[in-house]
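Structure file protein.cif (mmCIF, C-alpha atoms (C1' of nucleotides)) follows.
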```
data_structure
#
loop_
_atom_site.label_atom_id
_atom_site.label_comp_id
_atom_site.auth_asym_id
_atom_site.auth_seq_id
_atom_site.Cartn_x
_atom_site.Cartn_y
_atom_site.Cartn_z
CA MET X 1 -22.41 6.91 -23.11
CA SER X 2 -18.74 7.10 -23.82
CA ARG X 3 -16.65 9.10 -21.39
CA ILE X 4 -13.70 11.42 -21.98
CA ILE X 5 -11.08 11.26 -19.24
CA PHE X 6 -7.86 13.25 -18.92
CA HIS X 7 -4.92 12.15 -16.83
CA ILE X 8 -2.48 14.95 -16.08
CA ASP X 9 0.98 14.03 -14.87
CA VAL X 10 3.69 16.53 -13.92
CA ASN X 11 6.94 15.68 -15.71
CA SER X 12 9.69 14.74 -13.22
CA ALA X 13 7.55 16.49 -10.64
CA PHE X 14 9.86 17.01 -7.68
CA LEU X 15 12.80 17.87 -9.87
CA SER X 16 10.76 20.32 -11.96
CA TRP X 17 9.40 21.97 -8.86
CA ASN X 18 12.87 22.39 -7.39
CA ALA X 19 13.92 23.85 -10.73
CA VAL X 20 11.09 26.39 -10.81
CA LYS X 21 12.12 27.70 -7.42
CA MET X 22 15.80 27.81 -8.35
CA VAL X 23 15.20 29.54 -11.66
CA SER X 24 13.06 32.19 -9.97
CA GLY X 25 16.01 32.78 -7.66
CA GLY X 26 18.32 33.35 -10.61
CA GLU X 27 19.97 29.94 -10.49
CA PRO X 28 20.57 27.73 -13.53
CA ASP X 29 17.81 25.39 -14.69
CA ILE X 30 18.67 21.93 -13.35
CA ARG X 31 16.20 20.37 -15.79
CA LEU X 32 18.71 21.02 -18.56
CA VAL X 33 21.56 19.08 -16.95
CA PRO X 34 21.85 15.66 -15.30
CA SER X 35 20.33 16.23 -11.87
CA VAL X 36 18.36 14.48 -9.18
CA VAL X 37 16.35 15.16 -6.07
CA SER X 38 17.79 13.03 -3.30
CA GLY X 39 19.00 12.97 0.26
CA ASP X 40 22.42 13.63 1.68
CA PRO X 41 25.11 12.33 -0.72
CA ALA X 42 27.23 11.47 2.33
CA ASP X 43 24.52 9.08 3.48
CA ARG X 44 25.06 5.91 1.54
CA ARG X 45 21.40 5.04 1.99
CA SER X 46 20.07 8.00 0.04
CA ILE X 47 18.09 7.13 -3.06
CA VAL X 48 17.00 9.10 -6.12
CA THR X 49 13.55 10.61 -5.62
CA ALA X 50 13.36 12.27 -9.02
CA ALA X 51 15.70 12.58 -12.02
CA SER X 52 15.95 15.12 -14.84
CA MET X 53 15.58 14.02 -18.45
CA PRO X 54 19.35 14.33 -19.07
CA ALA X 55 19.94 12.19 -15.97
CA LYS X 56 17.43 9.61 -17.21
CA LYS X 57 19.26 9.50 -20.54
CA LEU X 58 22.36 8.45 -18.60
CA GLY X 59 20.45 5.51 -17.17
CA ILE X 60 19.66 7.07 -13.80
CA LYS X 61 16.34 5.87 -12.47
CA THR X 62 13.96 6.86 -9.72
CA ALA X 63 14.50 4.87 -6.50
CA GLU X 64 18.07 4.03 -7.49
CA PRO X 65 20.73 4.47 -4.78
CA LEU X 66 22.31 7.89 -5.07
CA SER X 67 25.77 6.35 -4.87
CA SER X 68 24.99 4.30 -7.96
CA ALA X 69 23.67 7.37 -9.80
CA LEU X 70 26.82 9.29 -8.91
CA ARG X 71 28.93 6.54 -10.43
CA LYS X 72 27.00 6.84 -13.67
CA CYS X 73 27.46 10.61 -13.60
CA PRO X 74 30.08 12.07 -11.26
CA ASP X 75 28.98 15.60 -12.17
CA LEU X 76 25.39 14.90 -11.20
CA VAL X 77 23.70 17.87 -9.57
CA VAL X 78 22.01 16.74 -6.37
CA VAL X 79 19.31 18.87 -4.76
CA ARG X 80 17.26 18.26 -1.63
CA GLY X 81 13.50 17.81 -1.51
CA ASP X 82 11.27 20.59 -0.20
CA TRP X 83 7.93 19.14 0.81
CA GLU X 84 6.22 22.42 1.67
CA TRP X 85 7.14 23.88 -1.69
CA TYR X 86 5.92 20.73 -3.45
CA LYS X 87 2.55 21.03 -1.78
CA ARG X 88 2.21 24.60 -3.00
CA CYS X 89 3.15 23.64 -6.55
CA SER X 90 0.72 20.76 -6.44
CA ALA X 91 -2.12 22.95 -5.23
CA ALA X 92 -1.48 25.51 -7.97
CA PHE X 93 -1.39 22.78 -10.60
CA VAL X 94 -4.65 21.24 -9.38
CA GLU X 95 -6.32 24.66 -9.38
CA ILE X 96 -5.65 25.08 -13.07
CA CYS X 97 -6.88 21.57 -13.81
CA ARG X 98 -10.06 22.21 -11.85
CA ARG X 99 -10.97 25.08 -14.17
CA TYR X 100 -11.35 22.49 -16.90
CA SER X 101 -13.63 20.22 -14.90
CA PRO X 102 -14.82 20.06 -11.31
CA VAL X 103 -14.93 16.29 -11.60
CA LEU X 104 -11.32 15.95 -10.51
CA GLN X 105 -9.54 13.18 -8.65
CA ARG X 106 -6.17 13.78 -7.10
CA PHE X 107 -4.30 10.57 -7.69
CA SER X 108 -1.08 11.64 -6.03
CA ILE X 109 0.76 14.85 -5.35
CA ASP X 110 1.65 15.23 -9.03
CA GLU X 111 -1.18 13.49 -10.88
CA CYS X 112 -4.87 13.95 -11.30
CA PHE X 113 -7.76 12.68 -13.37
CA LEU X 114 -10.41 14.90 -14.93
CA ASP X 115 -13.75 13.67 -16.18
CA MET X 116 -14.17 15.87 -19.25
CA THR X 117 -17.34 14.18 -20.47
CA GLY X 118 -19.68 16.86 -21.73
CA ARG X 119 -16.95 19.50 -21.52
CA THR X 120 -15.07 18.57 -24.64
CA GLU X 121 -15.60 16.25 -27.53
CA LYS X 122 -13.54 13.51 -28.95
CA LYS X 123 -12.50 15.61 -31.91
CA THR X 124 -11.58 18.61 -29.76
CA ALA X 125 -10.10 16.75 -26.80
CA VAL X 126 -6.50 17.11 -27.92
CA GLU X 127 -6.97 20.82 -28.46
CA THR X 128 -8.48 21.22 -24.98
CA ALA X 129 -5.72 19.17 -23.38
CA THR X 130 -3.07 21.17 -25.16
CA ARG X 131 -4.57 24.36 -23.82
CA LEU X 132 -4.46 22.96 -20.28
CA LYS X 133 -0.88 21.77 -20.67
CA ASP X 134 0.26 25.14 -22.06
CA GLU X 135 -1.58 27.04 -19.37
CA VAL X 136 0.24 25.12 -16.64
CA LYS X 137 3.54 25.73 -18.39
CA SER X 138 3.05 29.47 -18.89
CA GLN X 139 1.55 30.17 -15.49
CA LEU X 140 3.55 27.85 -13.28
CA GLY X 141 6.75 27.23 -15.22
CA PHE X 142 6.70 23.44 -15.33
CA THR X 143 5.45 20.96 -17.90
CA VAL X 144 2.90 18.18 -17.75
CA ASN X 145 1.81 15.29 -19.91
CA VAL X 146 -1.88 14.87 -20.59
CA GLY X 147 -3.26 11.46 -21.45
CA ILE X 148 -6.72 11.22 -23.00
CA GLY X 149 -8.91 8.15 -23.09
CA SER X 150 -12.41 6.85 -22.57
CA ASN X 151 -11.56 5.64 -19.05
CA LYS X 152 -9.01 6.28 -16.33
CA LEU X 153 -6.78 3.36 -17.26
CA LEU X 154 -6.41 4.45 -20.88
CA ALA X 155 -5.86 8.09 -19.90
CA LYS X 156 -3.20 7.06 -17.42
CA MET X 157 -1.46 4.79 -19.90
CA ALA X 158 -1.55 7.55 -22.51
CA SER X 159 0.05 10.14 -20.24
CA ASP X 160 2.99 7.78 -19.88
CA PHE X 161 3.76 7.79 -23.60
CA GLU X 162 6.49 10.10 -24.86
CA LYS X 163 7.51 12.81 -22.39
CA PRO X 164 7.77 15.64 -21.57
CA ASP X 165 5.22 18.34 -22.40
CA ARG X 166 3.03 16.15 -24.59
CA VAL X 167 -0.60 15.25 -25.15
CA HIS X 168 -1.48 11.70 -26.20
CA THR X 169 -4.72 9.89 -26.85
CA LEU X 170 -5.49 6.27 -26.21
CA TRP X 171 -9.02 5.65 -27.43
CA MET X 172 -10.40 2.14 -27.38
CA GLU X 173 -9.84 1.72 -31.11
CA GLU X 174 -6.18 2.67 -30.61
CA VAL X 175 -5.57 -0.02 -28.01
CA PRO X 176 -4.32 -2.71 -30.43
CA GLY X 177 -1.95 -0.28 -32.12
CA LYS X 178 -0.70 1.77 -29.16
CA MET X 179 -1.07 -0.42 -26.09
CA TRP X 180 -0.82 -4.06 -27.13
CA PRO X 181 2.79 -3.79 -28.33
CA LEU X 182 3.90 -2.56 -24.89
CA LYS X 183 5.64 -4.83 -22.40
CA VAL X 184 3.33 -6.14 -19.68
CA ARG X 185 5.42 -4.21 -17.16
CA ASP X 186 4.14 -1.00 -18.73
CA LEU X 187 0.57 -1.89 -17.81
CA LEU X 188 -0.70 -0.27 -14.65
CA TRP X 189 -0.58 -2.68 -11.68
CA VAL X 190 1.93 -5.02 -13.32
CA GLY X 191 5.04 -4.85 -11.18
CA LYS X 192 8.23 -6.85 -11.10
CA LYS X 193 6.74 -9.99 -9.54
CA THR X 194 3.76 -10.13 -11.85
CA GLU X 195 6.00 -9.50 -14.84
CA GLU X 196 8.08 -12.53 -13.82
CA LYS X 197 5.07 -14.77 -13.37
CA LEU X 198 3.62 -13.78 -16.72
CA GLY X 199 6.98 -14.02 -18.44
CA ALA X 200 7.38 -17.59 -17.22
CA ARG X 201 4.29 -18.44 -19.29
CA GLY X 202 5.52 -16.55 -22.33
CA ILE X 203 3.26 -13.57 -21.75
CA ASP X 204 5.51 -10.62 -22.49
CA THR X 205 3.29 -8.01 -24.10
CA VAL X 206 0.02 -6.37 -23.13
CA GLY X 207 -1.49 -7.83 -26.30
CA GLN X 208 -0.54 -11.35 -25.26
CA LEU X 209 -2.01 -10.67 -21.85
CA ALA X 210 -5.22 -9.42 -23.45
CA GLY X 211 -5.49 -12.69 -25.36
CA THR X 212 -4.80 -14.98 -22.41
CA ASP X 213 -7.58 -17.05 -20.89
CA PRO X 214 -8.50 -15.42 -17.56
CA ALA X 215 -8.71 -18.89 -16.00
CA LEU X 216 -5.03 -19.42 -16.76
CA LEU X 217 -4.19 -15.97 -15.42
CA ALA X 218 -6.07 -16.80 -12.23
CA GLU X 219 -3.70 -19.68 -11.59
CA LEU X 220 -0.79 -17.26 -11.78
CA VAL X 221 -1.98 -14.22 -9.89
CA GLY X 222 -5.28 -15.06 -8.19
CA LYS X 223 -8.79 -14.73 -9.49
CA LYS X 224 -9.55 -11.14 -8.67
CA PHE X 225 -6.30 -9.67 -9.95
CA ALA X 226 -6.52 -11.91 -13.03
CA GLN X 227 -9.92 -10.49 -13.91
CA GLN X 228 -8.64 -6.96 -13.56
CA LEU X 229 -5.50 -7.59 -15.59
CA HIS X 230 -7.49 -9.16 -18.38
CA GLU X 231 -9.97 -6.29 -18.47
CA ASN X 232 -7.25 -3.65 -18.36
CA ALA X 233 -5.12 -5.33 -21.02
CA ASN X 234 -8.18 -5.09 -23.25
CA GLY X 235 -8.52 -1.41 -22.43
CA ARG X 236 -11.59 -1.82 -20.27
CA ASP X 237 -12.01 -0.01 -16.95
CA ASP X 238 -15.16 1.45 -15.46
CA GLU X 239 -13.71 3.11 -12.36
CA PRO X 240 -15.28 6.52 -11.86
CA VAL X 241 -13.31 9.71 -11.29
CA GLU X 242 -13.63 10.01 -7.51
CA THR X 243 -13.95 13.61 -6.43
CA GLU X 244 -14.08 12.84 -2.72
CA ARG X 245 -10.80 12.27 -1.01
CA ALA X 246 -11.03 8.91 0.76
CA GLU X 247 -10.48 8.94 4.50
CA PRO X 248 -7.07 7.58 5.39
CA LYS X 249 -7.10 4.03 6.71
CA SER X 250 -3.67 3.85 8.24
CA CYS X 251 -0.78 6.03 9.26
CA SER X 252 2.81 4.94 9.70
CA ALA X 253 6.33 6.24 10.06
CA GLU X 254 9.59 4.46 9.43
CA ARG X 255 13.24 5.21 10.05
CA THR X 256 16.15 3.74 8.18
CA PHE X 257 19.32 4.17 10.21
CA ALA X 258 22.62 5.44 8.88
CA HIS X 259 24.10 2.24 10.31
CA ASP X 260 22.34 -0.96 11.24
CA LEU X 261 21.28 -1.07 14.88
CA SER X 262 21.40 -3.96 17.30
CA ALA X 263 21.48 -2.32 20.73
CA PRO X 264 18.00 -2.52 22.28
CA GLU X 265 18.24 0.98 23.71
CA ASP X 266 19.07 2.40 20.27
CA VAL X 267 16.16 0.60 18.67
CA ASP X 268 13.86 1.70 21.46
CA ARG X 269 14.85 5.32 20.93
CA GLN X 270 13.95 5.02 17.25
CA LEU X 271 10.69 3.31 18.12
CA PHE X 272 9.95 6.25 20.40
CA ASN X 273 10.66 8.68 17.57
CA VAL X 274 8.33 7.02 15.08
CA ALA X 275 5.61 6.58 17.71
CA CYS X 276 5.74 10.33 18.43
CA ILE X 277 5.41 11.13 14.74
CA VAL X 278 2.52 8.75 14.10
CA ALA X 279 0.57 9.74 17.21
CA HIS X 280 1.07 13.43 16.44
CA ARG X 281 -0.26 12.95 12.91
CA ILE X 282 -3.42 11.18 13.94
CA ARG X 283 -4.13 13.74 16.65
CA ARG X 284 -3.77 16.46 14.04
CA GLU X 285 -6.27 14.65 11.82
CA GLY X 286 -8.64 13.97 14.67
CA PHE X 287 -8.36 10.19 14.61
CA ARG X 288 -7.87 7.62 17.28
CA ALA X 289 -6.58 4.21 16.31
CA GLN X 290 -7.48 0.76 17.55
CA CYS X 291 -4.65 -1.19 15.98
CA VAL X 292 -0.88 -0.76 16.36
CA SER X 293 1.73 -2.49 14.26
CA VAL X 294 5.49 -2.61 14.41
CA ALA X 295 7.94 -3.85 11.81
CA VAL X 296 11.68 -4.27 11.51
CA LYS X 297 13.74 -4.65 8.37
CA TYR X 298 16.82 -6.84 8.65
CA LYS X 299 20.11 -6.47 6.81
CA ASP X 300 18.88 -8.79 4.07
CA PHE X 301 15.78 -6.59 3.61
CA SER X 302 13.47 -9.23 5.01
CA VAL X 303 10.68 -7.66 7.04
CA SER X 304 9.07 -8.98 10.17
CA GLN X 305 5.85 -7.39 11.28
CA LYS X 306 3.34 -7.81 14.08
CA GLN X 307 0.21 -5.98 15.04
CA CYS X 308 -2.19 -5.94 17.95
CA THR X 309 -5.62 -4.59 18.72
CA LEU X 310 -5.90 -2.16 21.60
CA PRO X 311 -8.68 -2.42 24.16
CA HIS X 312 -9.75 1.13 23.24
CA PRO X 313 -8.95 3.43 20.32
CA THR X 314 -6.31 5.95 21.31
CA ASP X 315 -4.24 8.87 20.11
CA VAL X 316 -2.00 8.91 23.17
CA THR X 317 1.67 8.55 22.25
CA ALA X 318 2.55 6.60 25.39
CA ILE X 319 -0.15 4.00 24.82
CA ILE X 320 0.82 3.55 21.17
CA LEU X 321 4.50 3.37 22.07
CA ASN X 322 3.90 0.82 24.80
CA ALA X 323 1.91 -1.37 22.44
CA GLY X 324 4.84 -1.17 20.04
CA ARG X 325 7.28 -2.05 22.79
CA ARG X 326 5.28 -5.16 23.66
CA LEU X 327 5.22 -6.29 20.03
CA LEU X 328 8.88 -5.70 19.27
CA PRO X 329 10.39 -8.72 21.07
CA ASP X 330 8.12 -11.04 19.05
CA ILE X 331 9.51 -9.86 15.73
CA TRP X 332 13.09 -8.85 16.49
CA ASP X 333 15.67 -11.52 17.24
CA GLY X 334 18.30 -8.98 18.30
CA THR X 335 20.39 -9.21 15.14
CA PRO X 336 21.20 -5.93 13.36
CA ILE X 337 18.31 -4.15 11.67
CA ARG X 338 18.34 -1.33 9.14
CA GLN X 339 14.87 0.02 9.75
CA VAL X 340 12.09 0.18 12.29
CA SER X 341 8.54 1.30 11.59
CA LEU X 342 5.36 1.80 13.55
CA GLY X 343 1.88 2.15 12.14
CA VAL X 344 -1.65 2.60 13.38
CA SER X 345 -4.95 1.71 11.75
CA HIS X 346 -8.64 1.04 12.39
CA PHE X 347 -9.42 4.68 13.01
CA VAL X 348 -12.40 6.13 14.77
CA ARG X 349 -13.32 9.79 14.68
CA ASP X 350 -15.52 10.34 17.67
CA ARG X 351 -13.98 12.25 20.52
CA SER X 352 -15.79 10.51 23.34
CA GLU X 353 -13.48 9.80 26.22
CA GLN X 354 -13.50 6.57 28.09
CA LEU X 355 -11.68 7.62 31.20
CA VAL X 356 -14.15 5.62 33.23
CA LEU X 357 -13.04 2.47 31.55
CA PHE X 358 -9.48 3.56 31.73
CA GLU X 359 -8.62 4.60 35.21
CA ASP X 360 -4.97 5.42 34.89
CA SER X 361 -3.48 8.18 36.94
CA ARG X 362 -0.75 8.62 34.36
CA LEU X 363 -3.18 9.26 31.52
CA GLU X 364 -3.53 12.97 32.18
CA TYR X 365 0.23 13.24 32.38
CA TYR X 366 0.52 11.48 29.01
CA ARG X 367 -2.08 13.76 27.45
CA GLN X 368 -0.32 16.85 28.70
CA TRP X 369 2.94 15.51 27.32
CA ASP X 370 1.20 15.09 23.94
CA ARG X 371 -0.22 18.61 24.06
CA ASP X 372 3.25 19.97 24.69
CA TYR X 373 4.65 17.88 21.86
CA ASP X 374 1.90 19.06 19.50
CA ALA X 375 2.50 22.68 20.42
CA ALA X 376 6.21 22.30 19.76
CA HIS X 377 5.58 20.61 16.41
CA ALA X 378 2.61 22.70 15.29
CA ARG X 379 2.16 22.81 11.54
CA PRO X 380 -0.88 23.67 9.50
CA ALA X 381 -3.01 20.54 9.24
CA GLY X 382 -1.77 19.19 5.98
CA ASP X 383 -3.82 18.17 3.01
CA ASP X 384 -0.77 16.24 2.07
CA ALA X 385 -0.59 13.61 -0.58
CA ALA X 386 1.93 10.82 -0.46
CA GLU X 387 5.00 10.28 -2.54
"C1'" DT B 388 26.65 -0.36 -5.16
"C1'" DC B 389 23.46 -1.22 -1.99
"C1'" DT B 390 18.82 -0.17 -2.14
"C1'" DG B 391 13.56 5.86 1.35
"C1'" DG B 392 9.07 6.77 3.00
"C1'" DG B 393 4.14 6.47 3.00
"C1'" DG B 394 0.19 4.45 1.53
"C1'" DT B 395 -3.79 0.76 -0.51
"C1'" DC B 396 -5.64 -3.67 -1.49
"C1'" DC B 397 -5.70 -8.76 -1.62
"C1'" DT B 398 -4.98 -13.50 0.13
"C1'" DA B 399 -5.02 -17.16 3.17
"C1'" DG B 400 -5.20 -19.39 7.53
"C1'" DG B 401 -6.92 -19.70 12.21
"C1'" DA B 402 -10.24 -18.51 15.87
"C1'" DC B 403 -14.73 -18.31 16.98
"C1'" DC B 404 -19.74 -18.29 16.43
"C1'" DC B 405 -24.24 -20.07 14.93
"C1'" DT U 406 -15.60 -41.60 15.91
"C1'" DC U 407 -16.09 -38.54 12.76
"C1'" DT U 408 -18.62 -35.08 11.33
"C1'" DG U 409 -21.68 -29.61 7.81
"C1'" DG U 410 -21.60 -25.04 6.12
"C1'" DG U 411 -21.43 -20.16 6.43
"C1'" DG U 412 -20.06 -15.98 8.39
"C1'" DT U 413 -16.91 -12.50 10.65
"C1'" DC U 414 -12.76 -10.96 12.66
"C1'" DC U 415 -7.90 -10.93 13.22
"C1'" DT U 416 -3.32 -11.42 11.60
"C1'" DA U 417 0.99 -11.96 8.57
"C1'" DG U 418 2.68 -11.44 4.30
"C1'" DG U 419 2.85 -9.97 -0.43
"C1'" DA U 420 2.18 -6.91 -4.35
"C1'" DC U 421 1.41 -2.62 -6.17
"C1'" DC U 422 1.33 2.64 -6.46
"C1'" DC U 423 3.84 7.41 -6.27
#
```
Could you take the file, read its structure, and then write that structure out as structure tokens?
Amino acid sequence: MSRIIFHIDVNSAFLSWNAVKMVSGGEPDIRLVPSVVSGDPADRRSIVTAASMPAKKLGIKTAEPLSSALRKCPDLVVVRGDWEWYKRCSAAFVEICRRYSPVLQRFSIDECFLDMTGRTEKKTAVETATRLKDEVKSQLGFTVNVGIGSNKLLAKMASDFEKPDRVHTLWMEEVPGKMWPLKVRDLLWVGKKTEEKLGARGIDTVGQLAGTDPALLAELVGKKFAQQLHENANGRDDEPVETERAEPKSCSAERTFAHDLSAPEDVDRQLFNVACIVAHRIRREGFRAQCVSVAVKYKDFSVSQKQCTLPHPTDVTAIILNAGRRLLPDIWDGTPIRQVSLGVSHFVRDRSEQLVLFEDSRLEYYRQWDRDYDAAHARPAGDDAAE
DNA sequence: TCTGGGGTCCTAGGACCC
DNA sequence: TCTGGGGTCCTAGGACCC
């Protein structure tokens, strides 16, 4: 049986959400002027997190350095991100979507899929989606795009058509007309590198990709990815709308420094900072991790990374930090670096202690230190999505 | 002009085991 | 002296997403 899937995507999410808050406080609507959400303009490493439509019309793009955006538009309005507010906006947006179908998958903080099969029909789908879109706008003050298709891929592609505040369909029979003329880069999962590889073989459009022999594609991008690309370019996708939030598999924190660092004590201090953050997060979620990894990013953006497996899963900051400290010399040659990161993975959930295996008089001291840290950094356990 | 932060999945090689 | 096939786990790196 044919499915009906909606993909709902908040237009310029972070920027819109900042705007809603500002407008409610009597400030001008930054959506109507060139504006961006970004970091400190004085920090040359700030990048654009979100841009208004007028900013986009000036060629300002997401992830572009703020300094570059400011050159394109010296009058650019720059506002700071507000993660707690974003989470509230996201929750309110998802609540409205959920009224239309309980079969809802949060795809990111500002996107979700709805399986509308049995809740609307093909001929009424646009009407239903328009109602949803208008309800979000009137109740929450920001706009969304709704993409409609017979699977998640088509719905997602459709929501990316003309913005903002629009509903688009991409049914299977519309694929040749609406999707095949697009550049391959517009297809989900085709990034810069894949675009280059395909382009080198003269494959520039989704339609050309759809008509390419999967065996040839496999030589370019590997068998598994080739299969998926070929299916998707032909509009096929049978991924279900997953209502259960998957358990996280890893947790990491990174710090990019205002100036490149080369002094070992400076780098160690930053390593300490990210280890505290990561360990705190997994304690909050009730995980212990068995694998620790550390990475540095050099001036030329090359990354060196190394990981190790711990003898026992842990959530103790000191143990995670020490693992990181042991790894660091293997990946860092002492030349200036712009970023350090630490991550943990291979989680376990059980709370059984293994103090017997782990006779360390300092352990209780470490745990108390962690409890103090957690108390000082207490925040409601977040159901936070990434962006 | 100088490029953030936080994730997921895949690949490929080596170690090790039967 | 040269030799198998399959499986799992670990690790480093790469590509993508928002």
Pick from X:Thr256, X:Thr314, X:Asn322, X:Ser2: nearest to chain B, with only C-alpha atoms (C1' of nucleotides) counted?
-> X:Thr256
Residue among X:Ser46, X:Gln270, X:Ser302, X:Thr143 lying closest to chain U, counting only C-alpha atoms (C1' of nucleotides) | X:Ser302
Distance query DG418 of chain U at most 10 Å, only C-alpha atoms (C1' of nucleotides), self and fewer than 2 positions along chain excluded, as a VMD selection string = (chain X and resid 303 to 305) or (chain B and resid 398 to 399) or (chain U and resid 416 420)
What residues in chain X have any atom no more than 9 Å from chain U when counting all atoms listed in the file, and can you write them as a VMD selection string?
-> chain X and resid 107 to 110 188 to 191 193 to 194 304 to 309 386 to 387
Would you output that residue set with C-alpha atoms, as a compact mmCIF listing (two decimals), in the frame of the given file?
```txt
# COMPACT_ATOMS: atom_id res chain seq x y z
CA PHE X 107 -4.30 10.57 -7.69
CA SER X 108 -1.08 11.64 -6.03
CA ILE X 109 0.76 14.85 -5.35
CA ASP X 110 1.65 15.23 -9.03
CA LEU X 188 -0.70 -0.27 -14.65
CA TRP X 189 -0.58 -2.68 -11.68
CA VAL X 190 1.93 -5.02 -13.32
CA GLY X 191 5.04 -4.85 -11.18
CA LYS X 193 6.74 -9.99 -9.54
CA THR X 194 3.76 -10.13 -11.85
CA SER X 304 9.07 -8.98 10.17
CA GLN X 305 5.85 -7.39 11.28
CA LYS X 306 3.34 -7.81 14.08
CA GLN X 307 0.21 -5.98 15.04
CA CYS X 308 -2.19 -5.94 17.95
CA THR X 309 -5.62 -4.59 18.72
CA ALA X 386 1.93 10.82 -0.46
CA GLU X 387 5.00 10.28 -2.54
```
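The interatomic distance for the pair atom CA of Asp204 of chain X and atom CA of Thr169 of chain X works out to 23.3 Å.
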Which residues fall under the PyMOL selection byres ((chain X and resi 315) around 9) in this file, as a tab-separated table (two decimals) with C-alpha atoms, in the frame of the given file?
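The file below, part_3.tsv, is the result:
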```
chain	number	residue	atom	x	y	z
X	279	ALA	CA	0.57	9.74	17.21
X	280	HIS	CA	1.07	13.43	16.44
X	282	ILE	CA	-3.42	11.18	13.94
X	283	ARG	CA	-4.13	13.74	16.65
X	286	GLY	CA	-8.64	13.97	14.67
X	287	PHE	CA	-8.36	10.19	14.61
X	288	ARG	CA	-7.87	7.62	17.28
X	289	ALA	CA	-6.58	4.21	16.31
X	313	PRO	CA	-8.95	3.43	20.32
X	314	THR	CA	-6.31	5.95	21.31
X	316	VAL	CA	-2.00	8.91	23.17
X	317	THR	CA	1.67	8.55	22.25
X	318	ALA	CA	2.55	6.60	25.39
X	319	ILE	CA	-0.15	4.00	24.82
X	320	ILE	CA	0.82	3.55	21.17
```
Rounded to one decimal place, report the atom CA of Arg98 of chain X-atom CA of Thr243 of chain X distance in Å.
-> 10.9 Å
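Residues surrounding Glu162 of chain X within 12 Å are Asn11, Met53, Val144, Asn145, Val146, Gly147, His168, Thr169 and Lys178 of chain X [all atoms listed in the file; sequence separation below 6 positions excluded].
Relative to atom CA of His7 of chain X, atom CA of Glu111 of chain X is found at 7.2 Å.
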Give me the result of the PyMOL selection byres ((chain X and resi 274) around 12) on this file, residue by residue, as a ChimeraX atom specification.
-> /X:251-256,267-273,275-281,293-295,317-318,320-321,324-325,339-344
